[in-house]
Amino acid sequence: MQSGRKIRVLIAKPGLDSHDRGAKVVARALRDAGMEVIYTGLRQTPEQIVETALQEDVDVIGLSILSGAHMALFPRIMELLKEKGLTDVVVFAGGIIPEEDIPELKKIGIKEVFGPGTPTETIIKYVLENAPKRR
Amino acid sequence: MVKIEEVVKGVLAGDKRSVARAITMVENSPEEAQSLIAAVYPNTGKAHILGLTGPGGSGKSTLIEKMIREYRRRGKTVGIIAVDPTSPFTGGAFLGDRIRMQELTTDDGVFIRSMATRNNPGGIAKATKDAVKILDASGKDVIIVETVGAGQSEVEIIKVAQTIIVIHAPGLGDEIQAIKAGIMEIADIFVINKADRENADKAVMDIQAMLQLDNKEKAWTPPIIKTVALTGEGVPQLIEKIEEHWRFLQKGLLHKRSLEKAEAELVEAIKDKVTSSIIKKLKREKRFEEILRRIVDREIDPVSAAEKLLDQILE
């Protein structure tokens with residue numbers, strides 16, 4: 001009945017801000033859409049996030065950040081993912097990310113950026129459509 | 001598509017990515033699980049497998065974090081499978097146990113995996129047993145399985161673990177009532193966590209009183225350890241007791257239990273195979289549809305219908 005593949009998503013909070021309301025709302029929405037959602041908790045280093053993605057064998061990573069440090073932390077995360085061979089994992093981001101930073105983030109491999117107020121349905125739809133069919 | 005042989009090779013070499021992939025395979029595909037487990041099985045049986053169970057809010061994840069640290073101090077490698085419930089309505093799950101263990105994520109001697117029950121009853125997932133074997137084959141010295149926040153009937157863990165730790169904390173409301181029967185009887189070691197709270201001693205006494213009611217002669221009496229998982233107090237003593245239980249098991253009981261476990265696994269595998277092959281065969285027959293209709297029309301009840309269908313096969 002429950003056999004078959006489930007989409008596994010890691011919701012991670014890189015950096016030093018302590019606001020995880022948004023991350024939890026997204027985590028819950030994805031869970032309610034039938035996915036298995038792993039949450040890291042606050043203040044994660046890029047190393048911890050990538051290692052967690054590896055051990056949990058996730059299909060998708062959602063990064064939530066409100067501290068403004070995304071241009072420092074995200075490139076490091078993408079670099080580590082490549083280093084560990086996790087190139088098929090789809091990474092999206094959310095939180096407070098200025099419009100002008102988005103092109104640069106997409107260039108380093110962040111597939112999508114969701115700003116404040118994005119309906120959870122949009123994110124669910126995005127994940128369902130973009131989770132890699134790797135198994 | 002990843003080749004199973006490659007994953008097996010990686011698991012046996014202790015490669016984390018391969019271990020992670022292998023666990024996904026045993027979760028998602030019974031066929032892949034079968035070939036994978038068949039390949040790694042000769043390399044299992046070396047790890048000490050612990051089961052940690054107890055009600056939600058008793059501090060299981062926090063305690064495990066401190067247990068890992070203590071094992072690492074002692075030079076042991078540790079694998080963790082943390083099980084959380086799947087929603088029976090949406091099929092989704094929120095897996096948050098590793099939040100408390102995240103600092104240890106980047107330690108090379110530690111592998112943490114969150115697992116959803118996927119509606120398997122009994123407090124663990126169907127794939128938990130196989131995941132334990134994978135971690136065992138990858139060379140972990142100790143494997144800790146954290147069950148879902150258990151009430152009284154989440155006792156499936158005894159089929160997987162060798163040393164069962166039942167944890168409780170004072171002030172959870174229902175006090176020790178929550179671990180009566182079932183879960184109480186499977187404990188090899190009791191932990192009263194949050195022992196810095198008032199009523200901790202009362203909780204210890206409650207368990208003692210219950211253990212004394214059990215007048216069967218026992219070779220091992222479950223000890224009761226007080227811990228404060230937040231500070232790590234009592235954790236070295238807990239690990240000491242776990243090691244003591246391991247030595248006790250190795251004096252003979254381990255072999256007996258291994259045989260029992262082997263029998264249970266064999267019988268279950270036979271049941272699975274027989275059931276699925278019979279059902280497959282029956283579903284191909286015309287009378288299957290026919291009898292379904294008769295059940296719906298209340299001409300025959302499901303059990304009698306099953307008997308009727310099976311009569312020809314089992315004869």
# chains A, B, ... in the order shown; residues from 1 in each chain; ligands from 1
call {"tool": "closest_atom_pairs", "arguments": {"of": "chain A", "to": "chain B", "cutoff": "9 Å", "atoms": "only C-alpha atoms", "output": "CSV"}}
result
residue,atom,partner,partner_atom,distance
A:Gln2,CA,B:Arg118,CA,5.9
A:Ser3,CA,B:Asn28,CA,5.9
A:Gly4,CA,B:Asn28,CA,4.7
A:Arg5,CA,B:Asn28,CA,5.1
A:Lys6,CA,B:Asn28,CA,7.6
A:Ala27,CA,B:Phe94,CA,7.4
A:Arg28,CA,B:Phe94,CA,7.2
A:Leu30,CA,B:Gly92,CA,7.7
A:Arg31,CA,B:Gly92,CA,4.6
A:Asp32,CA,B:Thr90,CA,5.7
A:Ala33,CA,B:Thr90,CA,6.5
A:Gly34,CA,B:Gly92,CA,3.7
A:Met35,CA,B:Gly92,CA,4.5
A:Glu36,CA,B:Ala93,CA,4.7
A:Val37,CA,B:Phe94,CA,5.0
A:Ile38,CA,B:Leu95,CA,4.7
A:Tyr39,CA,B:Gly96,CA,5.4
A:Thr40,CA,B:Ile99,CA,5.0
A:Gly41,CA,B:Ile99,CA,5.1
A:Leu42,CA,B:Ile99,CA,8.2
A:Gln44,CA,B:Gln102,CA,8.1
A:Glu47,CA,B:Thr106,CA,7.0
A:Gln48,CA,B:Thr106,CA,6.0
A:Ile49,CA,B:Thr105,CA,8.8
A:Glu51,CA,B:Thr106,CA,6.3
A:Thr52,CA,B:Thr105,CA,6.6
A:Leu54,CA,B:Arg17,CA,6.1
A:Gln55,CA,B:Ala20,CA,5.2
A:Glu56,CA,B:Arg113,CA,5.6
A:Asp57,CA,B:Ala20,CA,5.5
A:Lys84,CA,B:Arg17,CA,8.5
A:Gly85,CA,B:Arg17,CA,9.0
A:Arg134,CA,B:Met1,CA,6.5
A:Arg135,CA,B:Met1,CA,5.9
call {"tool": "select_by_dssp", "arguments": {"residues": "region 83-288 of chain B", "states": "helix (DSSP H, G or I)", "output": "PyMOL selection string"}}
result
chain B and resi 97-104+128-137+156-159+175-179+181-185+200-213+235-284+286-288
call {"tool": "write_last_selection", "arguments": {"atoms": "C-alpha atoms", "output": "JSON list (two decimals), in the first residue's frame"}}
result
[["chain", "number", "residue", "atom", "x", "y", "z"],
["B", 97, "ASP", "CA", 14.57, 13.72, 15.24],
["B", 98, "ARG", "CA", 17.96, 14.66, 13.90],
["B", 99, "ILE", "CA", 17.54, 18.32, 14.85],
["B", 100, "ARG", "CA", 19.00, 17.39, 18.23],
["B", 101, "MET", "CA", 21.86, 15.46, 16.70],
["B", 102, "GLN", "CA", 22.90, 17.84, 13.94],
["B", 103, "GLU", "CA", 26.23, 18.76, 15.55],
["B", 104, "LEU", "CA", 27.33, 15.16, 15.04],
["B", 128, "THR", "CA", 14.03, -0.53, 9.64],
["B", 129, "LYS", "CA", 15.25, -4.10, 9.98],
["B", 130, "ASP", "CA", 16.99, -3.98, 6.59],
["B", 131, "ALA", "CA", 18.44, -0.54, 7.26],
["B", 132, "VAL", "CA", 19.98, -1.91, 10.45],
["B", 133, "LYS", "CA", 21.60, -4.70, 8.43],
["B", 134, "ILE", "CA", 23.01, -2.16, 5.98],
["B", 135, "LEU", "CA", 24.54, -0.08, 8.78],
["B", 136, "ASP", "CA", 25.85, -3.28, 10.37],
["B", 137, "ALA", "CA", 27.47, -4.37, 7.12],
["B", 156, "GLU", "CA", 8.13, -4.36, 17.23],
["B", 157, "ILE", "CA", 11.58, -3.13, 18.21],
["B", 158, "ILE", "CA", 12.33, -6.42, 19.99],
["B", 159, "LYS", "CA", 12.50, -8.08, 16.59],
["B", 175, "GLU", "CA", 3.52, 9.21, 34.84],
["B", 176, "ILE", "CA", 4.55, 5.61, 34.72],
["B", 177, "GLN", "CA", 1.15, 4.40, 33.57],
["B", 178, "ALA", "CA", 2.34, 5.09, 30.05],
["B", 179, "ILE", "CA", 4.89, 2.33, 30.19],
["B", 181, "ALA", "CA", 2.36, -3.73, 30.11],
["B", 182, "GLY", "CA", 3.84, -4.17, 26.61],
["B", 183, "ILE", "CA", 6.59, -1.66, 26.52],
["B", 184, "MET", "CA", 7.41, -2.23, 30.18],
["B", 185, "GLU", "CA", 8.00, -5.91, 29.62],
["B", 200, "ALA", "CA", 12.26, 11.71, 39.40],
["B", 201, "ASP", "CA", 12.82, 9.51, 42.44],
["B", 202, "LYS", "CA", 9.15, 8.68, 42.56],
["B", 203, "ALA", "CA", 9.33, 7.57, 38.92],
["B", 204, "VAL", "CA", 12.28, 5.32, 39.79],
["B", 205, "MET", "CA", 10.38, 3.86, 42.72],
["B", 206, "ASP", "CA", 7.31, 3.24, 40.57],
["B", 207, "ILE", "CA", 9.37, 1.16, 38.18],
["B", 208, "GLN", "CA", 11.11, -0.64, 41.00],
["B", 209, "ALA", "CA", 7.76, -1.51, 42.50],
["B", 210, "MET", "CA", 6.56, -2.86, 39.20],
["B", 211, "LEU", "CA", 9.69, -4.92, 38.66],
["B", 212, "GLN", "CA", 9.25, -6.44, 42.10],
["B", 213, "LEU", "CA", 5.76, -7.61, 41.20],
["B", 235, "VAL", "CA", 25.00, 8.95, 30.25],
["B", 236, "PRO", "CA", 28.40, 7.27, 30.95],
["B", 237, "GLN", "CA", 26.64, 5.09, 33.53],
["B", 238, "LEU", "CA", 23.97, 4.24, 30.96],
["B", 239, "ILE", "CA", 26.57, 3.19, 28.39],
["B", 240, "GLU", "CA", 28.30, 1.11, 31.09],
["B", 241, "LYS", "CA", 25.01, -0.74, 31.74],
["B", 242, "ILE", "CA", 24.44, -1.24, 28.02],
["B", 243, "GLU", "CA", 27.90, -2.79, 27.72],
["B", 244, "GLU", "CA", 27.17, -4.96, 30.75],
["B", 245, "HIS", "CA", 23.97, -6.18, 29.10],
["B", 246, "TRP", "CA", 25.91, -6.93, 25.92],
["B", 247, "ARG", "CA", 28.42, -9.04, 27.87],
["B", 248, "PHE", "CA", 25.51, -10.77, 29.60],
["B", 249, "LEU", "CA", 23.89, -11.57, 26.24],
["B", 250, "GLN", "CA", 27.13, -12.97, 24.88],
["B", 251, "LYS", "CA", 27.25, -15.53, 27.67],
["B", 252, "GLY", "CA", 24.65, -17.55, 25.79],
["B", 253, "LEU", "CA", 21.39, -15.68, 25.45],
["B", 254, "LEU", "CA", 22.52, -13.94, 22.28],
["B", 255, "HIS", "CA", 22.77, -17.21, 20.42],
["B", 256, "LYS", "CA", 19.34, -18.31, 21.61],
["B", 257, "ARG", "CA", 17.82, -14.98, 20.63],
["B", 258, "SER", "CA", 19.57, -15.07, 17.27],
["B", 259, "LEU", "CA", 17.93, -18.41, 16.58],
["B", 260, "GLU", "CA", 14.54, -17.07, 17.62],
["B", 261, "LYS", "CA", 15.03, -13.99, 15.48],
["B", 262, "ALA", "CA", 16.13, -16.11, 12.53],
["B", 263, "GLU", "CA", 13.01, -18.25, 12.89],
["B", 264, "ALA", "CA", 10.73, -15.23, 13.10],
["B", 265, "GLU", "CA", 12.32, -13.68, 10.02],
["B", 266, "LEU", "CA", 12.16, -16.93, 8.10],
["B", 267, "VAL", "CA", 8.51, -17.53, 8.96],
["B", 268, "GLU", "CA", 7.64, -13.96, 8.03],
["B", 269, "ALA", "CA", 9.46, -14.26, 4.71],
["B", 270, "ILE", "CA", 7.65, -17.52, 3.95],
["B", 271, "LYS", "CA", 4.30, -15.89, 4.80],
["B", 272, "ASP", "CA", 5.06, -12.96, 2.52],
["B", 273, "LYS", "CA", 6.10, -15.15, -0.37],
["B", 274, "VAL", "CA", 3.24, -17.62, -0.02],
["B", 275, "THR", "CA", 0.61, -14.94, 0.41],
["B", 276, "SER", "CA", 1.69, -12.82, -2.51],
["B", 277, "SER", "CA", 2.06, -15.75, -4.87],
["B", 278, "ILE", "CA", -1.33, -17.19, -3.94],
["B", 279, "ILE", "CA", -3.05, -13.83, -4.22],
["B", 280, "LYS", "CA", -1.42, -13.21, -7.59],
["B", 281, "LYS", "CA", -2.66, -16.58, -8.81],
["B", 282, "LEU", "CA", -6.19, -16.09, -7.44],
["B", 283, "LYS", "CA", -6.52, -12.65, -8.96],
["B", 284, "ARG", "CA", -5.96, -14.14, -12.39],
["B", 286, "LYS", "CA", -12.44, -15.53, -13.09],
["B", 287, "ARG", "CA", -14.09, -16.66, -9.88],
["B", 288, "PHE", "CA", -12.13, -14.02, -7.95]]
call {"tool": "atom_distance", "arguments": {"atom1": "CA of Ile11 (chain A)", "atom2": "CA of Ile108 (chain A)"}}
result
19.1 Å
call {"tool": "residues_around", "arguments": {"residues": "Thr45 (chain A)", "least_positions_apart": "5", "cutoff": "10 Å", "atoms": "only C-alpha atoms", "output": "list in words"}}
result
Ala12, Lys13, Pro14, Gly15, Leu16, Val50, Glu51, Leu73, Arg76 and Ile77 of chain A; Gln102 and Glu103 of chain B
call {"tool": "write_last_selection", "arguments": {"atoms": "N, CA, C and O atoms", "output": "short mmCIF file (atom, residue, chain, number, x, y, z; two decimals), in the first residue's frame"}}
result
data_model
loop_
_atom_site.label_atom_id
_atom_site.label_comp_id
_atom_site.auth_asym_id
_atom_site.auth_seq_id
_atom_site.Cartn_x
_atom_site.Cartn_y
_atom_site.Cartn_z
N ALA A 12 16.30 23.16 5.17
CA ALA A 12 17.48 23.51 5.97
C ALA A 12 17.55 25.01 6.21
O ALA A 12 17.13 25.81 5.38
N LYS A 13 18.08 25.35 7.37
CA LYS A 13 18.23 26.75 7.75
C LYS A 13 19.72 27.07 7.88
O LYS A 13 20.31 26.89 8.95
N PRO A 14 20.34 27.56 6.82
CA PRO A 14 21.75 27.93 6.94
C PRO A 14 21.90 29.28 7.64
O PRO A 14 21.00 30.11 7.59
N GLY A 15 23.04 29.46 8.28
CA GLY A 15 23.35 30.78 8.82
C GLY A 15 22.77 31.03 10.20
O GLY A 15 22.27 30.12 10.86
N LEU A 16 22.83 32.30 10.61
CA LEU A 16 22.65 32.60 12.02
C LEU A 16 21.29 33.16 12.42
O LEU A 16 21.07 33.45 13.58
N VAL A 50 24.88 19.79 3.73
CA VAL A 50 25.22 18.88 2.64
C VAL A 50 25.39 17.45 3.15
O VAL A 50 24.94 16.49 2.52
N GLU A 51 26.01 17.31 4.31
CA GLU A 51 26.19 15.97 4.89
C GLU A 51 24.82 15.35 5.21
O GLU A 51 24.59 14.16 5.02
N LEU A 73 26.68 32.03 1.87
CA LEU A 73 26.45 30.63 2.25
C LEU A 73 26.03 29.74 1.08
O LEU A 73 26.47 28.60 0.97
N ARG A 76 28.78 28.22 -1.17
CA ARG A 76 29.51 27.18 -0.46
C ARG A 76 28.72 25.86 -0.45
O ARG A 76 29.27 24.78 -0.65
N ILE A 77 27.41 25.97 -0.22
CA ILE A 77 26.55 24.77 -0.22
C ILE A 77 26.58 24.11 -1.59
O ILE A 77 26.76 22.89 -1.71
N GLN B 102 22.26 17.27 15.11
CA GLN B 102 22.90 17.84 13.94
C GLN B 102 24.40 18.14 14.11
O GLN B 102 25.16 18.08 13.17
N GLU B 103 24.81 18.46 15.34
CA GLU B 103 26.23 18.76 15.55
C GLU B 103 27.11 17.57 15.20
O GLU B 103 28.29 17.73 14.91
#
call {"tool": "atom_distance", "arguments": {"atom1": "CA of Arg8 (chain A)", "atom2": "CA of Val60 (chain A)"}}
result
6.6 Å
call {"tool": "residues_around", "arguments": {"residues": "Phe114 (chain A)", "least_positions_apart": "4", "cutoff": "8 Å", "atoms": "only C-alpha atoms", "output": "compact mmCIF listing (two decimals) with N, CA, C and O atoms, in the first residue's frame"}}
result
# COMPACT_ATOMS: atom_id res chain seq x y z
N PHE A 92 16.14 24.57 -4.03
CA PHE A 92 15.41 25.84 -4.14
C PHE A 92 15.62 26.64 -2.87
O PHE A 92 16.09 26.11 -1.87
N ALA A 93 15.29 27.93 -2.92
CA ALA A 93 15.54 28.78 -1.76
C ALA A 93 14.33 29.66 -1.48
O ALA A 93 13.49 29.88 -2.35
N GLY A 94 14.25 30.11 -0.24
CA GLY A 94 13.18 31.00 0.13
C GLY A 94 13.62 31.90 1.27
O GLY A 94 14.68 31.67 1.88
N GLY A 95 12.83 32.93 1.55
CA GLY A 95 13.18 33.85 2.62
C GLY A 95 13.32 35.26 2.09
O GLY A 95 12.65 35.64 1.13
N THR A 118 4.80 33.76 -1.01
CA THR A 118 4.54 32.73 -2.01
C THR A 118 3.54 31.72 -1.45
O THR A 118 3.74 31.21 -0.34
N ILE A 123 4.83 26.21 -4.13
CA ILE A 123 6.04 25.46 -3.79
C ILE A 123 5.81 23.95 -3.94
O ILE A 123 6.65 23.24 -4.50
call {"tool": "select_by_dssp", "arguments": {"residues": "chain A", "states": "strand (DSSP E or B)", "output": "list in words"}}
result
Arg8, Val9, Leu10, Ile11, Ala12, Pro14, Glu36, Val37, Ile38, Tyr39, Gln44, Val60, Ile61, Gly62, Leu63, Ser64, Ile65, Val90, Val91, Phe92, Ala93, Gly94, Gly95, Glu112, Val113 and Phe114 of chain A
call {"tool": "write_last_selection", "arguments": {"atoms": "N, CA and C atoms", "output": "tab-separated table (two decimals), in the first residue's frame"}}
result
chain	number	residue	atom	x	y	z
A	8	ARG	N	11.71	12.72	-1.00
A	8	ARG	CA	12.33	13.14	0.27
A	8	ARG	C	12.91	14.54	0.12
A	9	VAL	N	12.52	15.42	1.02
A	9	VAL	CA	12.92	16.82	0.93
A	9	VAL	C	13.65	17.22	2.21
A	10	LEU	N	14.76	17.91	2.07
A	10	LEU	CA	15.43	18.47	3.24
A	10	LEU	C	15.13	19.96	3.31
A	11	ILE	N	14.56	20.38	4.42
A	11	ILE	CA	14.37	21.81	4.64
A	11	ILE	C	15.45	22.26	5.62
A	12	ALA	N	16.30	23.16	5.17
A	12	ALA	CA	17.48	23.51	5.97
A	12	ALA	C	17.55	25.01	6.21
A	14	PRO	N	20.34	27.56	6.82
A	14	PRO	CA	21.75	27.93	6.94
A	14	PRO	C	21.90	29.28	7.64
A	36	GLU	N	8.16	13.11	2.36
A	36	GLU	CA	8.87	12.90	3.61
A	36	GLU	C	9.84	14.07	3.77
A	37	VAL	N	9.60	14.85	4.81
A	37	VAL	CA	10.35	16.09	4.98
A	37	VAL	C	11.28	15.99	6.18
A	38	ILE	N	12.55	16.21	5.94
A	38	ILE	CA	13.53	16.20	7.02
A	38	ILE	C	13.86	17.64	7.35
A	39	TYR	N	13.80	17.99	8.62
A	39	TYR	CA	14.10	19.36	9.01
A	39	TYR	C	15.37	19.37	9.86
A	44	GLN	N	22.49	26.10	10.71
A	44	GLN	CA	23.27	25.01	10.15
A	44	GLN	C	24.42	25.54	9.28
A	60	VAL	N	15.40	16.65	-2.95
A	60	VAL	CA	15.24	18.10	-3.05
A	60	VAL	C	15.74	18.74	-1.76
A	61	ILE	N	16.37	19.93	-1.89
A	61	ILE	CA	16.74	20.70	-0.70
A	61	ILE	C	16.07	22.06	-0.80
A	62	GLY	N	15.41	22.48	0.28
A	62	GLY	CA	14.87	23.83	0.36
A	62	GLY	C	15.67	24.61	1.39
A	63	LEU	N	16.28	25.71	0.98
A	63	LEU	CA	17.08	26.52	1.90
A	63	LEU	C	16.29	27.74	2.31
A	64	SER	N	16.17	27.95	3.61
A	64	SER	CA	15.44	29.11	4.08
A	64	SER	C	16.41	30.05	4.79
A	65	ILE	N	16.42	31.28	4.37
A	65	ILE	CA	17.38	32.22	4.97
A	65	ILE	C	16.79	33.63	5.05
A	90	VAL	N	17.82	18.68	-6.46
A	90	VAL	CA	17.27	19.98	-6.85
A	90	VAL	C	17.26	20.92	-5.63
A	91	VAL	N	17.84	22.09	-5.78
A	91	VAL	CA	17.91	23.04	-4.67
A	91	VAL	C	17.05	24.26	-4.96
A	92	PHE	N	16.14	24.57	-4.03
A	92	PHE	CA	15.41	25.84	-4.14
A	92	PHE	C	15.62	26.64	-2.87
A	93	ALA	N	15.29	27.93	-2.92
A	93	ALA	CA	15.54	28.78	-1.76
A	93	ALA	C	14.33	29.66	-1.48
A	94	GLY	N	14.25	30.11	-0.24
A	94	GLY	CA	13.18	31.00	0.13
A	94	GLY	C	13.62	31.90	1.27
A	95	GLY	N	12.83	32.93	1.55
A	95	GLY	CA	13.18	33.85	2.62
A	95	GLY	C	13.32	35.26	2.09
A	112	GLU	N	15.33	27.60	-8.06
A	112	GLU	CA	14.21	28.52	-7.95
A	112	GLU	C	14.32	29.29	-6.64
A	113	VAL	N	13.82	30.52	-6.64
A	113	VAL	CA	13.81	31.32	-5.41
A	113	VAL	C	12.39	31.81	-5.15
A	114	PHE	N	11.89	31.51	-3.97
A	114	PHE	CA	10.53	31.92	-3.62
A	114	PHE	C	10.58	33.04	-2.59
call {"tool": "residues_around", "arguments": {"residues": "His48 (chain B)", "least_positions_apart": "3", "cutoff": "9 Å", "atoms": "only C-alpha atoms", "output": "ChimeraX atom specification"}}
result
/B:45,136,140-144,161-163,246
call {"tool": "residues_around", "arguments": {"residues": "Gly109 (chain A)", "least_positions_apart": "3", "cutoff": "8 Å", "atoms": "only C-alpha atoms", "output": "mmCIF file with N, CA and C atoms, in the first residue's frame"}}
result
data_model
loop_
_atom_site.group_PDB
_atom_site.id
_atom_site.type_symbol
_atom_site.label_atom_id
_atom_site.label_comp_id
_atom_site.auth_asym_id
_atom_site.auth_seq_id
_atom_site.Cartn_x
_atom_site.Cartn_y
_atom_site.Cartn_z
ATOM 1 N N MET A 78 26.453 24.918 -2.643
ATOM 2 C CA MET A 78 26.428 24.353 -3.995
ATOM 3 C C MET A 78 27.759 23.690 -4.337
ATOM 4 N N VAL A 91 17.836 22.094 -5.785
ATOM 5 C CA VAL A 91 17.909 23.037 -4.667
ATOM 6 C C VAL A 91 17.052 24.263 -4.964
ATOM 7 N N LEU A 105 22.303 33.673 -8.085
ATOM 8 C CA LEU A 105 22.009 32.408 -7.398
ATOM 9 C C LEU A 105 21.633 31.320 -8.409
ATOM 10 N N LYS A 106 20.895 31.727 -9.429
ATOM 11 C CA LYS A 106 20.506 30.728 -10.435
ATOM 12 C C LYS A 106 21.730 30.258 -11.209
#
call {"tool": "residues_around", "arguments": {"residues": "Leu12 (chain B)", "least_positions_apart": "5", "cutoff": "8 Å", "atoms": "only C-alpha atoms", "output": "list in words"}}
result
Val40, Asn43, Ala137, Ser138 and Gly139 of chain B
